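Undergrad: So that you have it, the file is structure-v8.txt, and it contains compact mmCIF, C-alpha atoms:
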```
# COMPACT_ATOMS: atom_id res chain seq x y z
CA MET R 1 17.47 -30.33 -8.34
CA GLU R 2 19.50 -28.30 -10.83
CA GLN R 3 16.36 -26.57 -12.04
CA PHE R 4 15.36 -25.73 -8.46
CA LEU R 5 18.78 -24.18 -7.75
CA GLN R 6 18.63 -22.26 -11.03
CA GLN R 7 15.24 -20.86 -10.06
CA CYS R 8 16.63 -19.91 -6.64
CA VAL R 9 19.25 -17.78 -8.37
CA ASN R 10 16.53 -16.21 -10.52
CA ALA R 11 14.45 -15.56 -7.39
CA LEU R 12 17.40 -13.81 -5.76
CA GLN R 13 17.64 -11.43 -8.70
CA TRP R 14 13.89 -10.80 -8.87
CA GLY R 15 13.70 -10.42 -5.12
CA SER R 16 16.46 -7.81 -5.23
CA PHE R 17 14.17 -5.49 -7.20
CA TYR R 18 11.30 -6.00 -4.76
CA ALA R 19 13.61 -5.55 -1.79
CA LEU R 20 15.05 -2.26 -3.08
CA ILE R 21 11.55 -0.79 -3.54
CA ALA R 22 10.23 -2.27 -0.30
CA LEU R 23 13.10 -0.66 1.64
CA GLY R 24 11.87 2.75 0.50
CA TYR R 25 8.29 1.93 1.50
CA THR R 26 9.29 0.80 4.95
CA LEU R 27 11.73 3.68 5.46
CA VAL R 28 9.10 6.35 4.82
CA TYR R 29 6.47 4.46 6.79
CA GLY R 30 8.84 3.88 9.69
CA VAL R 31 9.55 7.60 10.00
CA LEU R 32 6.30 9.28 8.98
CA ARG R 33 3.74 6.50 9.31
CA LEU R 34 2.99 7.37 5.67
CA ILE R 35 2.56 4.76 2.95
CA ASN R 36 4.04 6.46 -0.06
CA PHE R 37 2.07 4.75 -2.82
CA ALA R 38 3.98 6.80 -5.38
CA HIS R 39 7.13 4.86 -4.54
CA GLY R 40 6.67 2.30 -7.33
CA ASP R 41 6.43 5.13 -9.83
CA ILE R 42 9.61 6.68 -8.44
CA PHE R 43 11.17 3.32 -9.35
CA MET R 44 9.88 3.91 -12.90
CA VAL R 45 11.26 7.45 -12.88
CA GLY R 46 14.67 6.07 -11.92
CA ALA R 47 14.60 3.71 -14.89
CA TYR R 48 13.73 6.56 -17.28
CA ILE R 49 16.37 8.85 -15.79
CA SER R 50 18.96 6.11 -16.35
CA PHE R 51 17.81 5.93 -19.98
CA PHE R 52 18.16 9.66 -20.64
CA VAL R 53 21.43 10.02 -18.74
CA SER R 54 23.07 7.02 -20.42
CA THR R 55 21.90 7.93 -23.94
CA THR R 56 23.18 11.48 -23.42
CA LEU R 57 26.58 10.30 -22.21
CA LEU R 58 26.86 7.72 -24.98
CA ALA R 59 25.71 9.96 -27.85
CA THR R 60 28.44 10.04 -30.49
CA ASP R 61 27.13 13.34 -31.92
CA GLY R 62 26.89 15.02 -28.51
CA TRP R 63 29.37 16.62 -26.13
CA PHE R 64 30.39 13.52 -24.22
CA ASP R 65 30.74 10.34 -26.30
CA PHE R 66 31.90 8.39 -23.24
CA SER R 67 32.70 4.71 -23.19
CA ARG R 68 30.10 2.29 -21.83
CA GLU R 69 32.16 1.62 -18.71
CA LEU R 70 32.54 5.31 -17.88
CA THR R 71 28.88 5.91 -18.71
CA LEU R 72 27.84 3.20 -16.26
CA ILE R 73 30.06 4.64 -13.52
CA LEU R 74 28.65 8.14 -14.02
CA THR R 75 25.04 7.09 -14.52
CA ILE R 76 24.67 5.35 -11.16
CA PRO R 77 25.27 8.41 -8.91
CA LEU R 78 23.38 10.69 -11.29
CA VAL R 79 20.33 8.42 -11.24
CA VAL R 80 20.39 8.20 -7.45
CA LEU R 81 20.79 11.97 -7.15
CA LEU R 82 18.11 12.93 -9.68
CA THR R 83 15.61 10.38 -8.38
CA SER R 84 16.20 11.73 -4.88
CA PHE R 85 15.24 15.17 -6.16
CA VAL R 86 11.95 13.73 -7.44
CA GLY R 87 11.21 12.17 -4.06
CA VAL R 88 12.06 15.39 -2.22
CA ALA R 89 9.90 17.40 -4.64
CA LEU R 90 6.93 15.13 -3.86
CA GLU R 91 7.53 15.60 -0.15
CA ARG R 92 7.76 19.38 -0.43
CA ILE R 93 4.83 19.84 -2.83
CA ALA R 94 2.38 17.13 -1.79
CA TYR R 95 3.08 15.77 1.69
CA ARG R 96 4.56 18.62 3.71
CA PRO R 97 1.57 20.99 3.33
CA LEU R 98 -0.77 18.23 4.51
CA ARG R 99 1.50 17.39 7.42
CA ARG R 100 1.67 21.00 8.58
CA LYS R 101 -2.10 21.32 8.38
CA GLY R 102 -2.48 18.17 10.45
CA ALA R 103 -4.51 16.45 7.73
CA HIS R 104 -6.00 13.05 8.47
CA ARG R 105 -3.86 10.11 7.41
CA LEU R 106 -6.50 9.02 4.90
CA TYR R 107 -6.05 12.24 2.91
CA VAL R 108 -2.29 11.74 2.85
CA VAL R 109 -2.74 8.21 1.49
CA ILE R 110 -5.09 9.49 -1.23
CA THR R 111 -2.55 12.19 -2.07
CA ALA R 112 0.15 9.54 -2.40
CA LEU R 113 -2.03 7.57 -4.81
CA MET R 114 -2.64 10.71 -6.86
CA CYS R 115 1.10 11.48 -6.93
CA GLY R 116 1.72 8.04 -8.42
CA LEU R 117 -0.92 8.61 -11.10
CA VAL R 118 0.56 12.03 -11.88
CA LEU R 119 4.00 10.50 -12.40
CA GLU R 120 2.64 7.74 -14.64
CA ASN R 121 0.38 9.91 -16.74
CA GLY R 122 2.83 12.81 -16.76
CA ASN R 123 5.38 10.44 -18.26
CA LEU R 124 2.81 9.26 -20.80
CA ALA R 125 1.84 12.83 -21.75
CA LEU R 126 5.40 14.13 -22.02
CA LEU R 127 7.19 11.14 -23.57
CA GLY R 128 4.38 9.26 -25.29
CA ALA R 129 3.40 5.61 -25.12
CA SER R 130 6.36 4.36 -27.15
CA ARG R 131 8.57 1.98 -25.26
CA ARG R 132 12.23 2.86 -24.85
CA ILE R 133 15.23 0.60 -24.81
CA LEU R 134 18.03 1.24 -22.33
CA PRO R 135 21.44 1.02 -24.06
CA GLN R 136 23.57 -1.90 -22.99
CA LEU R 137 25.98 -0.54 -20.39
CA MET R 138 27.72 -3.78 -19.47
CA ASP R 139 29.02 -6.75 -21.43
CA LYS R 140 27.10 -9.75 -20.19
CA GLU R 141 29.12 -12.77 -19.19
CA VAL R 142 27.71 -16.13 -18.18
CA TYR R 143 29.35 -18.14 -15.40
CA MET R 144 28.59 -21.82 -14.99
CA ILE R 145 28.51 -23.29 -11.46
CA GLY R 146 27.94 -26.92 -12.28
CA SER R 147 24.81 -26.78 -14.40
CA ILE R 148 23.62 -23.46 -12.94
CA ALA R 149 24.06 -20.39 -15.15
CA VAL R 150 24.65 -17.00 -13.53
CA THR R 151 25.33 -13.80 -15.44
CA ASN R 152 27.59 -11.05 -14.14
CA LEU R 153 24.67 -8.59 -14.26
CA LYS R 154 22.57 -10.90 -12.11
CA LEU R 155 25.37 -11.12 -9.56
CA TRP R 156 25.74 -7.34 -9.50
CA VAL R 157 22.01 -6.89 -8.92
CA ILE R 158 22.00 -9.31 -5.99
CA LEU R 159 25.20 -7.92 -4.47
CA THR R 160 23.89 -4.36 -4.82
CA ALA R 161 20.67 -5.23 -3.01
CA PHE R 162 22.56 -6.78 -0.10
CA LEU R 163 25.05 -3.91 0.02
CA VAL R 164 22.24 -1.33 0.07
CA PHE R 165 20.52 -3.24 2.86
CA PHE R 166 23.64 -3.36 5.05
CA ILE R 167 24.43 0.32 4.44
CA LEU R 168 20.85 1.35 5.18
CA HIS R 169 20.77 -0.77 8.31
CA PHE R 170 24.03 0.82 9.46
CA VAL R 171 22.74 4.34 8.76
CA VAL R 172 19.49 3.78 10.64
CA THR R 173 20.96 1.97 13.65
CA ARG R 174 24.48 3.41 14.03
CA THR R 175 24.46 7.06 12.98
CA ARG R 176 23.09 10.27 14.48
CA ILE R 177 20.78 10.93 11.54
CA GLY R 178 19.49 7.36 11.87
CA MET R 179 18.85 7.97 15.55
CA ALA R 180 16.92 11.12 14.60
CA MET R 181 14.88 9.12 12.09
CA ARG R 182 13.95 6.61 14.76
CA ALA R 183 13.10 9.44 17.12
CA VAL R 184 10.69 10.88 14.54
CA SER R 185 8.92 7.53 14.31
CA TRP R 186 8.53 7.41 18.11
CA ASP R 187 7.37 10.97 18.75
CA ARG R 188 7.87 13.53 16.02
CA PHE R 189 6.09 16.25 17.98
CA ALA R 190 8.70 16.12 20.75
CA LEU R 191 11.61 16.18 18.31
CA PRO R 192 11.82 20.00 17.84
CA LEU R 193 12.02 20.35 21.64
CA MET R 194 15.33 18.48 21.49
CA GLY R 195 16.71 20.79 18.79
CA ILE R 196 16.45 18.27 15.95
CA PRO R 197 15.15 19.77 12.68
CA LEU R 198 12.14 17.65 11.80
CA ASP R 199 11.91 18.75 8.17
CA SER R 200 15.58 17.95 7.52
CA VAL R 201 15.17 14.43 8.91
CA ILE R 202 12.10 13.83 6.75
CA VAL R 203 13.84 15.18 3.65
CA PHE R 204 16.80 12.88 4.32
CA THR R 205 14.38 9.96 4.60
CA PHE R 206 12.90 10.73 1.19
CA VAL R 207 16.39 11.17 -0.27
CA LEU R 208 17.39 7.72 0.96
CA GLY R 209 14.15 5.97 -0.05
CA SER R 210 13.88 7.60 -3.47
CA GLY R 211 17.56 7.15 -4.27
CA ILE R 212 17.34 3.44 -3.50
CA ALA R 213 14.22 3.12 -5.66
CA GLY R 214 15.99 4.95 -8.49
CA LEU R 215 18.96 2.60 -8.22
CA GLY R 216 16.53 -0.33 -8.34
CA GLY R 217 14.89 1.15 -11.43
CA MET R 218 18.23 1.43 -13.18
CA LEU R 219 19.21 -2.15 -12.33
CA PHE R 220 15.80 -3.36 -13.50
CA ALA R 221 16.20 -1.44 -16.77
CA MET R 222 19.64 -2.99 -17.28
CA SER R 223 18.18 -6.47 -16.72
CA TYR R 224 14.93 -5.95 -18.66
CA PRO R 225 15.73 -2.96 -20.89
CA VAL R 226 12.21 -2.21 -22.23
CA LEU R 227 10.80 0.85 -20.43
CA GLU R 228 7.17 1.98 -20.40
CA PRO R 229 5.28 4.51 -18.22
CA TYR R 230 3.37 1.93 -16.15
CA MET R 231 6.31 -0.38 -15.41
CA GLY R 232 6.42 0.72 -11.77
CA ALA R 233 2.73 0.22 -10.96
CA MET R 234 2.44 -3.54 -10.43
CA THR R 235 6.06 -3.87 -9.30
CA GLY R 236 5.45 -1.16 -6.72
CA TRP R 237 2.28 -2.79 -5.44
CA LYS R 238 4.03 -6.13 -5.04
CA ALA R 239 6.94 -4.49 -3.25
CA PHE R 240 4.46 -2.83 -0.91
CA ILE R 241 2.88 -6.20 -0.19
CA ALA R 242 6.35 -7.63 0.41
CA ALA R 243 7.04 -4.84 2.92
CA VAL R 244 3.75 -5.54 4.70
CA VAL R 245 4.41 -9.28 4.82
CA GLY R 246 7.88 -8.68 6.23
CA GLY R 247 6.52 -6.18 8.75
CA ILE R 248 6.32 -2.67 7.33
CA GLY R 249 8.45 -0.24 9.25
CA ASP R 250 11.18 -2.84 9.80
CA ILE R 251 14.11 -2.78 7.38
CA ARG R 252 14.82 -6.49 7.82
CA GLY R 253 11.17 -7.26 7.14
CA ALA R 254 11.10 -5.31 3.88
CA PHE R 255 14.27 -7.02 2.70
CA VAL R 256 13.16 -10.54 3.61
CA GLY R 257 9.61 -9.92 2.35
CA GLY R 258 10.91 -8.91 -1.07
CA PHE R 259 12.89 -12.10 -1.48
CA LEU R 260 10.06 -14.22 -0.07
CA LEU R 261 7.55 -12.85 -2.58
CA ALA R 262 10.00 -13.31 -5.45
CA PHE R 263 10.79 -16.87 -4.37
CA VAL R 264 7.10 -17.82 -4.38
CA GLU R 265 6.48 -16.14 -7.73
CA ILE R 266 9.48 -17.70 -9.47
CA MET R 267 8.84 -21.19 -8.13
CA VAL R 268 5.17 -21.12 -9.09
CA ALA R 269 6.02 -19.84 -12.58
CA ALA R 270 8.74 -22.50 -12.95
CA PHE R 271 6.82 -25.58 -11.84
CA LEU R 272 3.18 -24.62 -12.49
CA PRO R 273 1.36 -22.76 -15.28
CA SER R 274 2.56 -19.16 -15.19
CA THR R 275 -1.04 -17.93 -14.94
CA PHE R 276 -1.07 -19.33 -11.38
CA ARG R 277 1.85 -17.16 -10.32
CA ASP R 278 0.02 -14.21 -8.80
CA LEU R 279 -2.80 -16.39 -7.46
CA PHE R 280 -0.45 -18.66 -5.52
CA ALA R 281 1.89 -15.89 -4.49
CA PHE R 282 -0.81 -13.68 -3.02
CA SER R 283 -2.63 -16.63 -1.45
CA ILE R 284 0.50 -17.71 0.41
CA LEU R 285 1.19 -14.15 1.49
CA LEU R 286 -2.39 -13.79 2.71
CA LEU R 287 -1.89 -16.97 4.71
CA ILE R 288 1.23 -15.51 6.32
CA LEU R 289 -0.66 -12.35 7.26
CA TRP R 290 -3.54 -14.44 8.58
CA VAL R 291 -1.14 -16.25 10.92
CA LYS R 292 0.85 -13.11 11.82
CA PRO R 293 -1.04 -9.91 10.89
CA THR R 294 1.88 -7.64 11.81
CA GLY R 295 4.17 -9.33 9.33
CA ILE R 296 7.20 -11.53 9.95
CA PHE R 297 9.23 -8.92 11.85
CA GLY R 298 6.46 -6.44 12.68
CA LEU R 299 5.34 -5.61 16.20
CA PRO R 300 1.75 -4.86 17.25
CA GLN R 301 0.90 -1.17 17.16
CA THR R 302 -2.13 0.88 18.05
CA THR R 303 -2.52 2.21 14.50
CA LYS R 304 -0.92 0.24 11.65
CA ILE R 305 -2.09 2.11 8.54
```
Just give me the structure as structure tokens.

TA:
Amino acid sequence: MEQFLQQCVNALQWGSFYALIALGYTLVYGVLRLINFAHGDIFMVGAYISFFVSTTLLATDGWFDFSRELTLILTIPLVVLLTSFVGVALERIAYRPLRRKGAHRLYVVITALMCGLVLENGNLALLGASRRILPQLMDKEVYMIGSIAVTNLKLWVILTAFLVFFILHFVVTRTRIGMAMRAVSWDRFALPLMGIPLDSVIVFTFVLGSGIAGLGGMLFAMSYPVLEPYMGAMTGWKAFIAAVVGGIGDIRGAFVGGFLLAFVEIMVAAFLPSTFRDLFAFSILLLILWVKPTGIFGLPQTTKI
């Protein structure tokens, strides 16, 4: 029983990473009906930005030489801000021209895949294949709850994921910009007739989604500090699957789907040979989609993808 509870805690941490990426997937899809396949690589970009920002602020021979605590406090908003710029740049350079030309959705999806490859291989070309180690920004403490061990970093990751979810849910459901985002998803062609700037709403959506992915990348790098250019590929694909299982386009679905996928993966790896992890995880998720093709919280639509 103790081992099961310990693995539940581990699944909550792992699911937090999936949930943070899946929220960005579902946010962009909910507004634009676009699956931004580059989103997993934006997660990777966030991890690398956290590396360069933190090493710059910590450098003893540089201008700053900040303490680790101050570096952590400054790195979080900088990572969110800079990663948002990357997401907005992709929207302006890659997606907006296609949208204005009325390109078929298939071409937009292919463009998103190419954007992801550009980010991965651009990183590889510019920074090389050498792995980088994120400096330790927080003293790790272990708390014992009975026989269950929980680190302070693990608690922060889980709490951050839940906090981001509640803030995002509030923004989308309770604010004017959230109302505009939902209006875009219903009928974006009628939106300019009501005086709502369509491009501004879409840019805000990419700012939110990319910033959350960047924050997830930083938390992932703090938990598993080895960074490499392809670290966002498989994680991004799994987060996309989690969003689809939860019901892509629904914030609750993306959040629950992320934790569901992580729970299956962690439990399979804990109690069965680890090589079965992806096989069992994807089989169970396929079963869920077979029973409910729209996902757990998804509603039937005329065109899904």

Undergrad: Please report the interatomic distance between CA of Leu208 in chain R and CA of Val171 in chain R in Å with one decimal.

TA: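 Pair CA of Leu208 in chain R / CA of Val171 in chain R returns 10.0 Å.
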
Undergrad: Just the number, please: distance in Å from CA of Pro293 in chain R to CA of Gly232 in chain R, one decimal.

TA: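 Answer for the CA of Pro293 in chain R to CA of Gly232 in chain R separation: 26.1 Å.
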
Undergrad: List every protein, DNA or RNA residue that has an atom no more than 10 Å from (6.3, 8.7, -5.0) in the file's coordinate frame, counting all atoms listed in the file, and report them as a VMD selection string.

TA: chain R and resid 24 to 25 35 to 45 86 to 91 94 111 to 119 206 209 to 210 213

Undergrad: Which residue, R:Ile212, R:Leu5, R:Val108, R:Leu193, has the smallest gap to Leu163 in chain R when you use all atoms listed in the file?

TA: R:Ile212

Undergrad: What is the CA of Leu286 in chain R to CA of Ile21 in chain R distance in Å?

TA: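 We find that CA of Leu286 in chain R and CA of Ile21 in chain R lie 20.1 Å from each other.
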
Undergrad: So that I can check the surroundings of Ile202 in chain R, please list as an NGL selection string every protein, DNA and RNA residue that reaches within 8 Å of it, counting all atoms listed in the file and ignoring chain neighbours fewer than 5 positions away.

TA: :R and (31-32 or 181)

Undergrad: How about saving the chosen residues, C-alpha atoms kept, as a PDB file, in the frame of the given file?

TA:
```
ATOM      1  CA  VAL R  31       9.550   7.600  10.000  1.00  0.00           C
ATOM      2  CA  LEU R  32       6.300   9.280   8.980  1.00  0.00           C
ATOM      3  CA  MET R 181      14.880   9.120  12.090  1.00  0.00           C
TER       4      MET R 181
END
```

Undergrad: Hey, which of R:Tyr29, R:Phe66, R:Phe85, R:Trp14 ends up closest to Val264 in chain R? Count all atoms listed in the file.

TA: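 Result for the nearest residue to Val264 in chain R: R:Trp14.
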
Undergrad: With all atoms of range 117-128 of chain R from the file as input, state the centre and edge lengths in Å to one decimal of the axis-aligned box that has 4 Å extra on each side, as AutoDock Vina command-line options.

TA:
```
--center_x 3.1 --center_y 10.9 --center_z -18.2 --size_x 16.1 --size_y 14.4 --size_z 22.2
```

Undergrad: Rank R:Leu215, R:Leu299, R:Ile177, R:Leu72 by their smallest atom-to-atom distance to Pro197 in chain R, using all atoms listed in the file, and report the top residue only.

TA: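 The shortest atom-to-atom distance to Pro197 in chain R comes from R:Ile177.
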
Undergrad: Which residue gives the smallest distance to Asn121 in chain R among R:Met231, R:Ala11, R:Ala243, R:Ala281, with all atoms listed in the file counted?

TA: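 Among R:Met231, R:Ala11, R:Ala243, R:Ala281, it is R:Met231 that comes nearest to Asn121 in chain R.
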
Undergrad: Just the residues within 10 Å of Val184 in chain R, please, counting all atoms listed in the file, with nothing from its chain fewer than 6 positions along; format it as a ChimeraX atom specification.

TA: /R:30-33,178,190-192,196,198,201-202

Undergrad: Please produce a file of the residues just selected, as a CSV table (one decimal), in the coordinates of the input, where the atoms kept are C-alpha atoms.

TA:
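So the final result, stored in part.csv, reads:
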```csv
chain,number,residue,atom,x,y,z
R,30,GLY,CA,8.8,3.9,9.7
R,31,VAL,CA,9.6,7.6,10.0
R,32,LEU,CA,6.3,9.3,9.0
R,33,ARG,CA,3.7,6.5,9.3
R,178,GLY,CA,19.5,7.4,11.9
R,190,ALA,CA,8.7,16.1,20.8
R,191,LEU,CA,11.6,16.2,18.3
R,192,PRO,CA,11.8,20.0,17.8
R,196,ILE,CA,16.4,18.3,16.0
R,198,LEU,CA,12.1,17.6,11.8
R,201,VAL,CA,15.2,14.4,8.9
R,202,ILE,CA,12.1,13.8,6.8
```

Undergrad: Give me the residues within 9 Å of Leu134 in chain R as a PyMOL selection string, counting all atoms listed in the file and dropping any in the same chain fewer than 6 places off.

TA: chain R and resi 47-48+50-52+54-55+221-222+224-227

Undergrad: Taking 3 positions as the minimum chain separation for residues in the same chain, which residues sit within 8 Å of range 275-278 of chain R when counting all atoms listed in the file? Answer as a list in words.

TA: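 My reading of the contact set: Val264, Glu265, Ile266, Val268, Ala269, Leu272, Ala281 and Phe282 of chain R.
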
Undergrad: For the selection just defined, write its residues with C-alpha atoms to a file, as a CSV table (one decimal), in the frame of the given file.

TA:
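Saved as out.csv:
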```csv
chain,number,residue,atom,x,y,z
R,264,VAL,CA,7.1,-17.8,-4.4
R,265,GLU,CA,6.5,-16.1,-7.7
R,266,ILE,CA,9.5,-17.7,-9.5
R,268,VAL,CA,5.2,-21.1,-9.1
R,269,ALA,CA,6.0,-19.8,-12.6
R,272,LEU,CA,3.2,-24.6,-12.5
R,281,ALA,CA,1.9,-15.9,-4.5
R,282,PHE,CA,-0.8,-13.7,-3.0
```

Undergrad: Measuring between all atoms listed in the file, which one of R:Gly211, R:Gly128, R:Gly102, R:Pro273 shows the shortest distance to Phe189 in chain R?

TA: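 Looking only at the distances to Phe189 in chain R, the closest residue turns out to be R:Gly102.
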
Undergrad: Between R:Asp65, R:Lys154, R:Phe297, R:Thr173, which has the minimum distance to Phe220 in chain R (counting all atoms listed in the file)?

TA: R:Lys154

Undergrad: Give me the residues near Ile251 in chain R as a PDB file with C-alpha atoms, in the coordinates of the input, where near means some atom within 9 Å (using only C-alpha atoms) and where sequence neighbours in that chain fewer than 3 positions away do not count.

TA:
```
ATOM      1  CA  ALA R  22      10.230  -2.270  -0.300  1.00  0.00           C
ATOM      2  CA  LEU R  23      13.100  -0.660   1.640  1.00  0.00           C
ATOM      3  CA  THR R  26       9.290   0.800   4.950  1.00  0.00           C
ATOM      4  CA  LEU R  27      11.730   3.680   5.460  1.00  0.00           C
ATOM      5  CA  GLY R  30       8.840   3.880   9.690  1.00  0.00           C
ATOM      6  CA  PHE R 165      20.520  -3.240   2.860  1.00  0.00           C
ATOM      7  CA  LEU R 168      20.850   1.350   5.180  1.00  0.00           C
ATOM      8  CA  HIS R 169      20.770  -0.770   8.310  1.00  0.00           C
ATOM      9  CA  ALA R 243       7.040  -4.840   2.920  1.00  0.00           C
ATOM     10  CA  GLY R 246       7.880  -8.680   6.230  1.00  0.00           C
ATOM     11  CA  GLY R 247       6.520  -6.180   8.750  1.00  0.00           C
ATOM     12  CA  ILE R 248       6.320  -2.670   7.330  1.00  0.00           C
ATOM     13  CA  ALA R 254      11.100  -5.310   3.880  1.00  0.00           C
ATOM     14  CA  PHE R 255      14.270  -7.020   2.700  1.00  0.00           C
ATOM     15  CA  VAL R 256      13.160 -10.540   3.610  1.00  0.00           C
TER      16      VAL R 256
END
```
